[in-house]
$ cat coords.pdb   # PDB, C-alpha atoms
ATOM      1  CA  MET A 278      -6.122  51.498  84.058  1.00  0.00           C
ATOM      2  CA  THR A 279      -7.567  48.197  85.194  1.00  0.00           C
ATOM      3  CA  GLN A 280     -11.154  48.590  86.386  1.00  0.00           C
ATOM      4  CA  ALA A 281     -11.406  45.521  88.606  1.00  0.00           C
ATOM      5  CA  VAL A 282     -11.469  44.413  92.223  1.00  0.00           C
ATOM      6  CA  VAL A 283      -9.645  41.270  93.363  1.00  0.00           C
ATOM      7  CA  VAL A 284     -11.552  38.991  95.754  1.00  0.00           C
ATOM      8  CA  LEU A 285      -9.505  36.429  97.700  1.00  0.00           C
ATOM      9  CA  PRO A 286     -11.518  33.922  99.793  1.00  0.00           C
ATOM     10  CA  VAL A 287      -9.289  32.362 102.470  1.00  0.00           C
ATOM     11  CA  TYR A 288      -9.498  29.822 105.265  1.00  0.00           C
ATOM     12  CA  GLN A 289      -6.569  29.249 107.615  1.00  0.00           C
ATOM     13  CA  PRO A 290      -4.295  31.156 105.207  1.00  0.00           C
ATOM     14  CA  GLY A 291      -0.510  30.941 105.134  1.00  0.00           C
ATOM     15  CA  GLU A 292       2.370  33.169 104.082  1.00  0.00           C
ATOM     16  CA  ARG A 293       1.468  32.774 100.424  1.00  0.00           C
ATOM     17  CA  LEU A 294      -1.510  35.062 100.960  1.00  0.00           C
ATOM     18  CA  VAL A 295       0.834  37.829 102.123  1.00  0.00           C
ATOM     19  CA  GLU A 296       3.151  37.174  99.173  1.00  0.00           C
ATOM     20  CA  LEU A 297       0.291  37.371  96.662  1.00  0.00           C
ATOM     21  CA  VAL A 298      -1.095  40.585  98.134  1.00  0.00           C
ATOM     22  CA  ALA A 299       2.378  42.141  98.182  1.00  0.00           C
ATOM     23  CA  HIS A 300       2.898  41.232  94.519  1.00  0.00           C
ATOM     24  CA  LEU A 301      -0.487  42.694  93.605  1.00  0.00           C
ATOM     25  CA  ARG A 302       0.315  45.871  95.504  1.00  0.00           C
ATOM     26  CA  THR A 303       3.569  46.219  93.559  1.00  0.00           C
ATOM     27  CA  ALA A 304       2.111  45.384  90.146  1.00  0.00           C
ATOM     28  CA  ALA A 305      -1.166  47.298  90.488  1.00  0.00           C
ATOM     29  CA  PRO A 306      -1.042  49.612  93.521  1.00  0.00           C
ATOM     30  CA  HIS A 307      -4.435  51.155  92.808  1.00  0.00           C
ATOM     31  CA  MET A 308      -6.335  47.883  92.319  1.00  0.00           C
ATOM     32  CA  PRO A 309      -8.638  47.192  95.295  1.00  0.00           C
ATOM     33  CA  VAL A 310      -8.087  43.827  96.990  1.00  0.00           C
ATOM     34  CA  VAL A 311     -10.709  42.237  99.239  1.00  0.00           C
ATOM     35  CA  VAL A 312      -9.695  39.349 101.497  1.00  0.00           C
ATOM     36  CA  VAL A 313     -12.644  37.372 102.872  1.00  0.00           C
ATOM     37  CA  ASP A 314     -11.775  35.217 105.869  1.00  0.00           C
ATOM     38  CA  ASP A 315     -14.059  32.188 106.015  1.00  0.00           C
ATOM     39  CA  GLY A 316     -14.001  31.744 109.800  1.00  0.00           C
ATOM     40  CA  SER A 317     -10.307  31.021 110.349  1.00  0.00           C
ATOM     41  CA  ASP A 318      -9.145  30.380 113.903  1.00  0.00           C
ATOM     42  CA  ALA A 319      -7.159  32.737 116.111  1.00  0.00           C
ATOM     43  CA  ASN A 320      -3.845  31.480 114.729  1.00  0.00           C
ATOM     44  CA  SER A 321      -4.585  33.380 111.499  1.00  0.00           C
ATOM     45  CA  ALA A 322      -5.293  36.713 113.168  1.00  0.00           C
ATOM     46  CA  GLN A 323      -1.765  38.118 112.927  1.00  0.00           C
ATOM     47  CA  LEU A 324      -1.395  37.152 109.275  1.00  0.00           C
ATOM     48  CA  LEU A 325      -4.760  38.719 108.414  1.00  0.00           C
ATOM     49  CA  ARG A 326      -3.679  41.919 110.154  1.00  0.00           C
ATOM     50  CA  ARG A 327      -0.585  41.965 107.941  1.00  0.00           C
ATOM     51  CA  VAL A 328      -2.619  41.863 104.719  1.00  0.00           C
ATOM     52  CA  SER A 329      -4.919  44.522 106.140  1.00  0.00           C
ATOM     53  CA  ASP A 330      -1.839  46.664 106.786  1.00  0.00           C
ATOM     54  CA  LEU A 331      -0.935  46.206 103.109  1.00  0.00           C
ATOM     55  CA  GLY A 332      -4.136  48.042 102.219  1.00  0.00           C
ATOM     56  CA  CYS A 333      -6.602  45.188 101.701  1.00  0.00           C
ATOM     57  CA  ALA A 334     -10.226  45.400 102.734  1.00  0.00           C
ATOM     58  CA  LEU A 335     -10.730  42.550 105.205  1.00  0.00           C
ATOM     59  CA  ARG A 336     -14.132  40.879 105.565  1.00  0.00           C
ATOM     60  CA  ARG A 337     -14.738  38.112 108.082  1.00  0.00           C
ATOM     61  CA  LEU A 338     -17.423  35.441 108.334  1.00  0.00           C
ATOM     62  CA  ASP A 339     -18.467  34.457 111.859  1.00  0.00           C
ATOM     63  CA  ARG A 340     -17.641  30.799 111.249  1.00  0.00           C
ATOM     64  CA  ASN A 341     -16.437  28.507 108.480  1.00  0.00           C
ATOM     65  CA  ARG A 342     -19.337  28.655 106.033  1.00  0.00           C
ATOM     66  CA  GLY A 343     -17.637  27.537 102.825  1.00  0.00           C
ATOM     67  CA  LYS A 344     -15.929  29.050  99.811  1.00  0.00           C
ATOM     68  CA  GLY A 345     -19.200  29.973  98.119  1.00  0.00           C
ATOM     69  CA  SER A 346     -20.289  31.969 101.162  1.00  0.00           C
ATOM     70  CA  ALA A 347     -16.928  33.738 101.290  1.00  0.00           C
ATOM     71  CA  LEU A 348     -17.144  34.657  97.608  1.00  0.00           C
ATOM     72  CA  LYS A 349     -20.660  36.006  98.038  1.00  0.00           C
ATOM     73  CA  GLU A 350     -19.518  38.153 100.962  1.00  0.00           C
ATOM     74  CA  GLY A 351     -16.817  39.528  98.680  1.00  0.00           C
ATOM     75  CA  TYR A 352     -19.364  40.302  95.952  1.00  0.00           C
ATOM     76  CA  ARG A 353     -21.638  42.085  98.413  1.00  0.00           C
ATOM     77  CA  TYR A 354     -18.727  44.232  99.529  1.00  0.00           C
ATOM     78  CA  VAL A 355     -17.794  45.064  95.918  1.00  0.00           C
ATOM     79  CA  LEU A 356     -21.366  46.127  95.170  1.00  0.00           C
ATOM     80  CA  ARG A 357     -21.316  48.488  98.150  1.00  0.00           C
ATOM     81  CA  ALA A 358     -17.779  49.838  98.017  1.00  0.00           C
ATOM     82  CA  HIS A 359     -16.841  49.545  94.327  1.00  0.00           C
ATOM     83  CA  PRO A 360     -20.036  49.584  92.232  1.00  0.00           C
ATOM     84  CA  GLY A 361     -19.418  49.328  88.519  1.00  0.00           C
ATOM     85  CA  LYS A 362     -16.113  47.478  88.831  1.00  0.00           C
ATOM     86  CA  ASP A 363     -15.379  44.029  87.425  1.00  0.00           C
ATOM     87  CA  VAL A 364     -14.326  41.242  89.783  1.00  0.00           C
ATOM     88  CA  VAL A 365     -11.413  38.822  89.617  1.00  0.00           C
ATOM     89  CA  CYS A 366     -11.507  35.899  92.066  1.00  0.00           C
ATOM     90  CA  ALA A 367      -8.365  33.945  92.892  1.00  0.00           C
ATOM     91  CA  ASP A 368      -7.081  31.387  95.370  1.00  0.00           C
ATOM     92  CA  ALA A 369      -4.390  32.544  97.776  1.00  0.00           C
ATOM     93  CA  ASP A 370      -2.600  29.237  98.328  1.00  0.00           C
ATOM     94  CA  GLY A 371       0.157  29.828  95.772  1.00  0.00           C
ATOM     95  CA  GLN A 372      -1.615  28.492  92.699  1.00  0.00           C
ATOM     96  CA  HIS A 373      -2.338  31.889  91.166  1.00  0.00           C
ATOM     97  CA  ARG A 374       0.141  34.620  90.343  1.00  0.00           C
ATOM     98  CA  ALA A 375      -0.442  38.362  90.458  1.00  0.00           C
ATOM     99  CA  SER A 376       0.460  38.609  86.763  1.00  0.00           C
ATOM    100  CA  ASP A 377      -2.260  36.102  85.812  1.00  0.00           C
ATOM    101  CA  ILE A 378      -4.836  37.924  87.930  1.00  0.00           C
ATOM    102  CA  LEU A 379      -4.006  41.114  86.041  1.00  0.00           C
ATOM    103  CA  ARG A 380      -4.269  39.296  82.697  1.00  0.00           C
ATOM    104  CA  LEU A 381      -7.808  38.185  83.562  1.00  0.00           C
ATOM    105  CA  ALA A 382      -8.706  41.694  84.693  1.00  0.00           C
ATOM    106  CA  GLU A 383      -7.689  43.066  81.304  1.00  0.00           C
ATOM    107  CA  ARG A 384      -9.453  40.280  79.427  1.00  0.00           C
ATOM    108  CA  VAL A 385     -12.778  40.724  81.202  1.00  0.00           C
ATOM    109  CA  ARG A 386     -12.577  44.458  80.615  1.00  0.00           C
ATOM    110  CA  ALA A 387     -12.081  43.875  76.882  1.00  0.00           C
ATOM    111  CA  THR A 388     -14.588  41.043  76.333  1.00  0.00           C
ATOM    112  CA  ARG A 389     -17.333  41.519  78.984  1.00  0.00           C
ATOM    113  CA  ALA A 390     -17.381  37.714  79.231  1.00  0.00           C
ATOM    114  CA  VAL A 391     -16.865  35.269  82.055  1.00  0.00           C
ATOM    115  CA  VAL A 392     -13.110  34.642  81.908  1.00  0.00           C
ATOM    116  CA  LEU A 393     -11.561  31.432  83.253  1.00  0.00           C
ATOM    117  CA  GLY A 394      -7.877  31.070  84.035  1.00  0.00           C
ATOM    118  CA  VAL A 395      -7.464  27.508  82.754  1.00  0.00           C
ATOM    119  CA  ARG A 396      -4.598  25.214  83.675  1.00  0.00           C
ATOM    120  CA  ARG A 397      -2.845  22.941  81.199  1.00  0.00           C
ATOM    121  CA  PHE A 398      -2.580  20.060  83.705  1.00  0.00           C
ATOM    122  CA  ASP A 399       0.897  19.197  82.537  1.00  0.00           C
ATOM    123  CA  GLY A 400       3.887  18.396  84.719  1.00  0.00           C
ATOM    124  CA  ASP A 401       3.582  17.456  88.395  1.00  0.00           C
ATOM    125  CA  VAL A 402      -0.173  17.643  88.956  1.00  0.00           C
ATOM    126  CA  PRO A 403      -1.747  15.777  91.921  1.00  0.00           C
ATOM    127  CA  LEU A 404      -3.696  12.760  90.691  1.00  0.00           C
ATOM    128  CA  ARG A 405      -6.934  13.825  92.418  1.00  0.00           C
ATOM    129  CA  SER A 406      -6.820  17.178  90.594  1.00  0.00           C
ATOM    130  CA  ARG A 407      -6.108  15.601  87.221  1.00  0.00           C
ATOM    131  CA  ILE A 408      -8.895  13.008  87.541  1.00  0.00           C
ATOM    132  CA  GLY A 409     -11.379  15.388  89.150  1.00  0.00           C
ATOM    133  CA  ASN A 410     -11.088  17.954  86.402  1.00  0.00           C
ATOM    134  CA  ALA A 411     -11.279  15.321  83.669  1.00  0.00           C
ATOM    135  CA  VAL A 412     -14.558  14.003  85.103  1.00  0.00           C
ATOM    136  CA  THR A 413     -16.190  17.404  85.606  1.00  0.00           C
ATOM    137  CA  ARG A 414     -15.035  18.581  82.176  1.00  0.00           C
ATOM    138  CA  VAL A 415     -16.898  15.716  80.520  1.00  0.00           C
ATOM    139  CA  LEU A 416     -19.977  16.164  82.720  1.00  0.00           C
ATOM    140  CA  PHE A 417     -20.027  19.910  82.112  1.00  0.00           C
ATOM    141  CA  LYS A 418     -19.976  19.469  78.337  1.00  0.00           C
ATOM    142  CA  ALA A 419     -22.744  16.839  78.543  1.00  0.00           C
ATOM    143  CA  SER A 420     -24.854  19.018  80.849  1.00  0.00           C
ATOM    144  CA  THR A 421     -24.482  22.392  79.102  1.00  0.00           C
ATOM    145  CA  GLY A 422     -23.137  21.716  75.606  1.00  0.00           C
ATOM    146  CA  VAL A 423     -20.261  24.107  76.356  1.00  0.00           C
ATOM    147  CA  ALA A 424     -16.617  23.010  76.343  1.00  0.00           C
ATOM    148  CA  ALA A 425     -14.408  24.262  79.168  1.00  0.00           C
ATOM    149  CA  SER A 426     -10.934  22.852  79.605  1.00  0.00           C
ATOM    150  CA  ASP A 427     -10.752  23.600  83.355  1.00  0.00           C
ATOM    151  CA  THR A 428     -14.098  23.638  85.141  1.00  0.00           C
ATOM    152  CA  GLN A 429     -12.594  23.670  88.634  1.00  0.00           C
ATOM    153  CA  THR A 430     -10.329  26.691  88.349  1.00  0.00           C
ATOM    154  CA  GLY A 431     -10.612  29.218  91.154  1.00  0.00           C
ATOM    155  CA  LEU A 432      -9.149  31.957  88.959  1.00  0.00           C
ATOM    156  CA  ARG A 433     -12.126  33.652  87.333  1.00  0.00           C
ATOM    157  CA  ALA A 434     -13.181  37.116  86.236  1.00  0.00           C
ATOM    158  CA  TYR A 435     -16.702  38.486  85.924  1.00  0.00           C
ATOM    159  CA  PRO A 436     -17.880  41.741  84.316  1.00  0.00           C
ATOM    160  CA  HIS A 437     -19.534  44.143  86.725  1.00  0.00           C
ATOM    161  CA  GLU A 438     -22.894  43.554  85.000  1.00  0.00           C
ATOM    162  CA  MET A 439     -22.914  40.025  86.479  1.00  0.00           C
ATOM    163  CA  VAL A 440     -21.879  40.691  90.075  1.00  0.00           C
ATOM    164  CA  ARG A 441     -25.360  41.140  91.550  1.00  0.00           C
ATOM    165  CA  TRP A 442     -26.554  38.064  89.628  1.00  0.00           C
ATOM    166  CA  LEU A 443     -23.737  35.996  91.164  1.00  0.00           C
ATOM    167  CA  LEU A 444     -25.437  36.410  94.540  1.00  0.00           C
ATOM    168  CA  THR A 445     -28.554  34.632  93.239  1.00  0.00           C
ATOM    169  CA  VAL A 446     -26.748  31.419  92.226  1.00  0.00           C
ATOM    170  CA  PRO A 447     -27.301  28.672  94.852  1.00  0.00           C
ATOM    171  CA  GLY A 448     -24.395  27.107  96.708  1.00  0.00           C
ATOM    172  CA  GLU A 449     -22.338  27.868  99.796  1.00  0.00           C
ATOM    173  CA  ARG A 450     -19.274  25.639  99.529  1.00  0.00           C
ATOM    174  CA  PHE A 451     -17.101  24.316  96.703  1.00  0.00           C
ATOM    175  CA  ASP A 452     -20.236  23.472  94.723  1.00  0.00           C
ATOM    176  CA  TYR A 453     -20.932  27.185  94.230  1.00  0.00           C
ATOM    177  CA  GLU A 454     -18.235  27.781  91.626  1.00  0.00           C
ATOM    178  CA  MET A 455     -19.513  24.901  89.500  1.00  0.00           C
ATOM    179  CA  ALA A 456     -23.090  26.133  89.903  1.00  0.00           C
ATOM    180  CA  VAL A 457     -22.022  29.568  88.628  1.00  0.00           C
ATOM    181  CA  LEU A 458     -20.360  28.046  85.592  1.00  0.00           C
ATOM    182  CA  VAL A 459     -23.406  25.888  84.809  1.00  0.00           C
ATOM    183  CA  ALA A 460     -25.766  28.838  85.247  1.00  0.00           C
ATOM    184  CA  ALA A 461     -23.614  31.094  83.055  1.00  0.00           C
ATOM    185  CA  ALA A 462     -23.468  28.488  80.277  1.00  0.00           C
ATOM    186  CA  ARG A 463     -27.228  27.869  80.364  1.00  0.00           C
ATOM    187  CA  ASN A 464     -27.851  31.613  80.254  1.00  0.00           C
ATOM    188  CA  ARG A 465     -25.716  31.679  77.079  1.00  0.00           C
ATOM    189  CA  CYS A 466     -23.157  33.968  78.657  1.00  0.00           C
ATOM    190  CA  PRO A 467     -19.891  34.004  76.687  1.00  0.00           C
ATOM    191  CA  ILE A 468     -17.076  32.138  78.430  1.00  0.00           C
ATOM    192  CA  GLU A 469     -13.478  33.049  77.592  1.00  0.00           C
ATOM    193  CA  GLN A 470     -10.483  30.916  78.560  1.00  0.00           C
ATOM    194  CA  VAL A 471      -6.994  32.202  79.305  1.00  0.00           C
ATOM    195  CA  THR A 472      -4.242  29.629  79.776  1.00  0.00           C
ATOM    196  CA  VAL A 473      -2.252  30.052  82.999  1.00  0.00           C
ATOM    197  CA  PRO A 474       0.632  28.043  84.449  1.00  0.00           C
ATOM    198  CA  THR A 475      -0.240  24.970  86.481  1.00  0.00           C
ATOM    199  CA  ARG A 476       1.185  25.528  89.952  1.00  0.00           C
ATOM    200  CA  TYR A 477       0.749  23.030  92.783  1.00  0.00           C
ATOM    201  CA  LEU A 478       3.057  23.769  95.705  1.00  0.00           C
ATOM    202  CA  ASP A 479       3.894  20.956  98.131  1.00  0.00           C
ATOM    203  CA  GLY A 480       1.442  18.662  96.363  1.00  0.00           C
ATOM    204  CA  ASN A 481      -1.340  21.188  96.984  1.00  0.00           C
ATOM    205  CA  ALA A 482      -1.094  20.400 100.702  1.00  0.00           C
ATOM    206  CA  SER A 483      -2.612  23.761 101.671  1.00  0.00           C
ATOM    207  CA  SER A 484      -5.888  23.020  99.885  1.00  0.00           C
ATOM    208  CA  HIS A 485      -8.983  22.558 102.058  1.00  0.00           C
ATOM    209  CA  PHE A 486     -10.795  20.636  99.308  1.00  0.00           C
ATOM    210  CA  GLY A 487     -11.964  17.288 100.688  1.00  0.00           C
ATOM    211  CA  ALA A 488     -11.261  14.562  98.136  1.00  0.00           C
ATOM    212  CA  LEU A 489     -14.552  12.687  98.590  1.00  0.00           C
ATOM    213  CA  VAL A 490     -17.156  14.982 100.178  1.00  0.00           C
ATOM    214  CA  ASP A 491     -16.238  18.096  98.202  1.00  0.00           C
ATOM    215  CA  SER A 492     -15.886  16.144  94.949  1.00  0.00           C
ATOM    216  CA  VAL A 493     -19.483  14.961  95.366  1.00  0.00           C
ATOM    217  CA  ARG A 494     -20.590  18.520  96.140  1.00  0.00           C
ATOM    218  CA  THR A 495     -18.804  19.855  93.078  1.00  0.00           C
ATOM    219  CA  CYS A 496     -20.527  17.371  90.775  1.00  0.00           C
ATOM    220  CA  ARG A 497     -23.993  18.016  92.229  1.00  0.00           C
ATOM    221  CA  PRO A 498     -24.780  21.098  90.070  1.00  0.00           C
ATOM    222  CA  LEU A 499     -23.952  18.995  87.008  1.00  0.00           C
ATOM    223  CA  LEU A 500     -26.027  15.955  87.956  1.00  0.00           C
ATOM    224  CA  MET A 501     -28.881  17.600  89.870  1.00  0.00           C
ATOM    225  CA  PRO A 502     -29.002  21.244  88.784  1.00  0.00           C
ATOM    226  CA  ALA A 503     -31.106  23.599  90.863  1.00  0.00           C
ATOM    227  CA  GLU A 504     -33.331  26.191  89.272  1.00  0.00           C
ATOM    228  CA  ILE A 505     -31.062  28.361  87.140  1.00  0.00           C
ATOM    229  CA  PRO A 506     -31.340  32.070  87.986  1.00  0.00           C
ATOM    230  CA  ARG A 507     -31.923  34.077  84.832  1.00  0.00           C
ATOM    231  CA  HIS A 508     -29.299  36.542  83.709  1.00  0.00           C
ATOM    232  CA  ASP A 509     -30.562  39.116  81.253  1.00  0.00           C
ATOM    233  CA  ALA A 510     -28.677  41.238  78.728  1.00  0.00           C
ATOM    234  CA  PRO A 511     -26.004  42.127  77.952  1.00  0.00           C
ATOM    235  CA  CYS A 512     -24.463  38.715  78.505  1.00  0.00           C
ATOM    236  CA  ALA A 513     -27.265  36.614  77.059  1.00  0.00           C
ATOM    237  CA  ASP A 514     -27.209  38.538  73.779  1.00  0.00           C
ATOM    238  CA  ASN A 515     -23.486  38.259  73.158  1.00  0.00           C
ATOM    239  CA  HIS A 516     -23.046  34.494  72.860  1.00  0.00           C
TER     240      HIS A 516
END
$ encode --input "coords.pdb" --output "structure tokens"
Amino acid sequence: MTQAVVVLPVYQPGERLVELVAHLRTAAPHMPVVVVDDGSDANSAQLLRRVSDLGCALRRLDRNRGKGSALKEGYRYVLRAHPGKDVVCADADGQHRASDILRLAERVRATRAVVLGVRRFDGDVPLRSRIGNAVTRVLFKASTGVAASDTQTGLRAYPHEMVRWLLTVPGERFDYEMAVLVAAARNRCPIEQVTVPTRYLDGNASSHFGALVDSVRTCRPLLMPAEIPRHDAPCADNH
């Protein structure tokens, strides 16, 4: 049995959120799913009620605070409601499939490592995504000495031993995920990579990632790293 909780941060979500939750419910009916609404407007209320009716725990931020804040709210909920369970984070805009989420859940259970669902970046990939990942991949290797083929993936799994530590990593918006990856690498935490299909629907039109502002934010932890919060064993001893 998979010992993991799925955390889905959303902002102005569409029907693909409902589809993903429904697929997860079919594939793993006993896996807890937490949807964190990052201050969506009233137009999203009915859709969020639908995923709640599917059995998801629904957490809401009072206003749009950023993806990092939404993820941290999800982690806090997991610590309270599901202590001792691993966490798999995914985007709900159609990029990530239920089957890949379950693959990461099994991999983190087996390895106790940070597990990244890495894209191949083949086929019809938006130019901004292809270039952005190429730049951050090079900067990440130069900054940490660790090679990661997809530093911007939103599909990630963390062992339960790391969940409380994730709350100590600085960052509230898209920069948070990069800051976590930098902090994990500098703490010598093992990082596993699982290849997943590259899926961009409608040219990734549903993404709320701002090409300029959020790209700068994402690179900030690589160019001007904040103080790295220490993560003690077991992760630091297993690299």
$ atom_distance --input "coords.pdb" --atom1 "CA of Asp314 in chain A" --atom2 "CA of Ser346 in chain A"
10.3 Å
$ resolve_selection --input "coords.pdb" --expression "the PyMOL selection byres ((chain A and resi 415) around 12)" --output "compact mmCIF listing (two decimals) with C-alpha atoms, keeping the file's coordinate frame"
# COMPACT_ATOMS: atom_id res chain seq x y z
CA ILE A 408 -8.90 13.01 87.54
CA GLY A 409 -11.38 15.39 89.15
CA ASN A 410 -11.09 17.95 86.40
CA ALA A 411 -11.28 15.32 83.67
CA VAL A 412 -14.56 14.00 85.10
CA THR A 413 -16.19 17.40 85.61
CA ARG A 414 -15.04 18.58 82.18
CA LEU A 416 -19.98 16.16 82.72
CA PHE A 417 -20.03 19.91 82.11
CA LYS A 418 -19.98 19.47 78.34
CA ALA A 419 -22.74 16.84 78.54
CA SER A 420 -24.85 19.02 80.85
CA THR A 421 -24.48 22.39 79.10
CA GLY A 422 -23.14 21.72 75.61
CA VAL A 423 -20.26 24.11 76.36
CA ALA A 424 -16.62 23.01 76.34
CA ALA A 425 -14.41 24.26 79.17
CA SER A 426 -10.93 22.85 79.60
CA ASP A 427 -10.75 23.60 83.36
CA THR A 428 -14.10 23.64 85.14
CA CYS A 496 -20.53 17.37 90.78
CA LEU A 499 -23.95 19.00 87.01
CA LEU A 500 -26.03 15.96 87.96
$ closest_residue --input "coords.pdb" --among "A:Val311, A:Leu348, A:Ala390, A:Leu338" --to "Phe451 in chain A" --atoms "all atoms listed in the file"
A:Leu348
$ atom_distance --input "coords.pdb" --atom1 "CA of Arg389 in chain A" --atom2 "CA of Thr303 in chain A"
25.9 Å
$ resolve_selection --input "coords.pdb" --expression "the PyMOL selection byres ((chain A and resi 342) around 8)" --output "number ranges by chain"
A: 315-316, 338, 340-341, 343-344, 346-347, 449-450
$ decode --input "coords.pdb" --residues "range 333-370 of chain A" --atoms "C-alpha atoms" --output "mmCIF file, in the first residue's frame"
data_model
loop_
_atom_site.group_PDB
_atom_site.id
_atom_site.type_symbol
_atom_site.label_atom_id
_atom_site.label_comp_id
_atom_site.auth_asym_id
_atom_site.auth_seq_id
_atom_site.Cartn_x
_atom_site.Cartn_y
_atom_site.Cartn_z
ATOM 1 C CA CYS A 333 -10.235 15.657 -1.184
ATOM 2 C CA ALA A 334 -9.215 17.740 1.794
ATOM 3 C CA LEU A 335 -9.596 21.354 0.665
ATOM 4 C CA ARG A 336 -7.396 24.086 2.147
ATOM 5 C CA ARG A 337 -7.793 27.722 1.155
ATOM 6 C CA LEU A 338 -5.465 30.707 1.435
ATOM 7 C CA ASP A 339 -7.135 34.065 2.082
ATOM 8 C CA ARG A 340 -5.571 35.615 -1.014
ATOM 9 C CA ASN A 341 -3.170 34.739 -3.814
ATOM 10 C CA ARG A 342 0.093 34.286 -1.925
ATOM 11 C CA GLY A 343 2.071 32.177 -4.389
ATOM 12 C CA LYS A 344 2.793 28.537 -5.107
ATOM 13 C CA GLY A 345 5.361 28.247 -2.326
ATOM 14 C CA SER A 346 2.820 29.438 0.235
ATOM 15 C CA ALA A 347 0.239 26.979 -1.081
ATOM 16 C CA LEU A 348 2.705 24.096 -0.860
ATOM 17 C CA LYS A 349 3.641 25.025 2.694
ATOM 18 C CA GLU A 350 -0.031 25.094 3.681
ATOM 19 C CA GLY A 351 -0.310 21.595 2.244
ATOM 20 C CA TYR A 352 2.716 20.416 4.238
ATOM 21 C CA ARG A 353 1.313 21.866 7.453
ATOM 22 C CA TYR A 354 -1.929 20.005 6.864
ATOM 23 C CA VAL A 355 -0.074 16.733 6.186
ATOM 24 C CA LEU A 356 1.888 17.099 9.421
ATOM 25 C CA ARG A 357 -1.350 17.535 11.366
ATOM 26 C CA ALA A 358 -3.653 15.094 9.608
ATOM 27 C CA HIS A 359 -1.268 12.476 8.178
ATOM 28 C CA PRO A 360 1.932 12.448 10.267
ATOM 29 C CA GLY A 361 4.484 9.928 9.095
ATOM 30 C CA LYS A 362 3.316 9.887 5.479
ATOM 31 C CA ASP A 363 5.433 10.825 2.471
ATOM 32 C CA VAL A 364 4.302 13.664 0.212
ATOM 33 C CA VAL A 365 3.934 13.836 -3.557
ATOM 34 C CA CYS A 366 3.388 17.308 -5.041
ATOM 35 C CA ALA A 367 1.966 17.735 -8.528
ATOM 36 C CA ASP A 368 0.530 20.411 -10.792
ATOM 37 C CA ALA A 369 -3.144 20.104 -11.677
ATOM 38 C CA ASP A 370 -3.092 21.780 -15.088
#
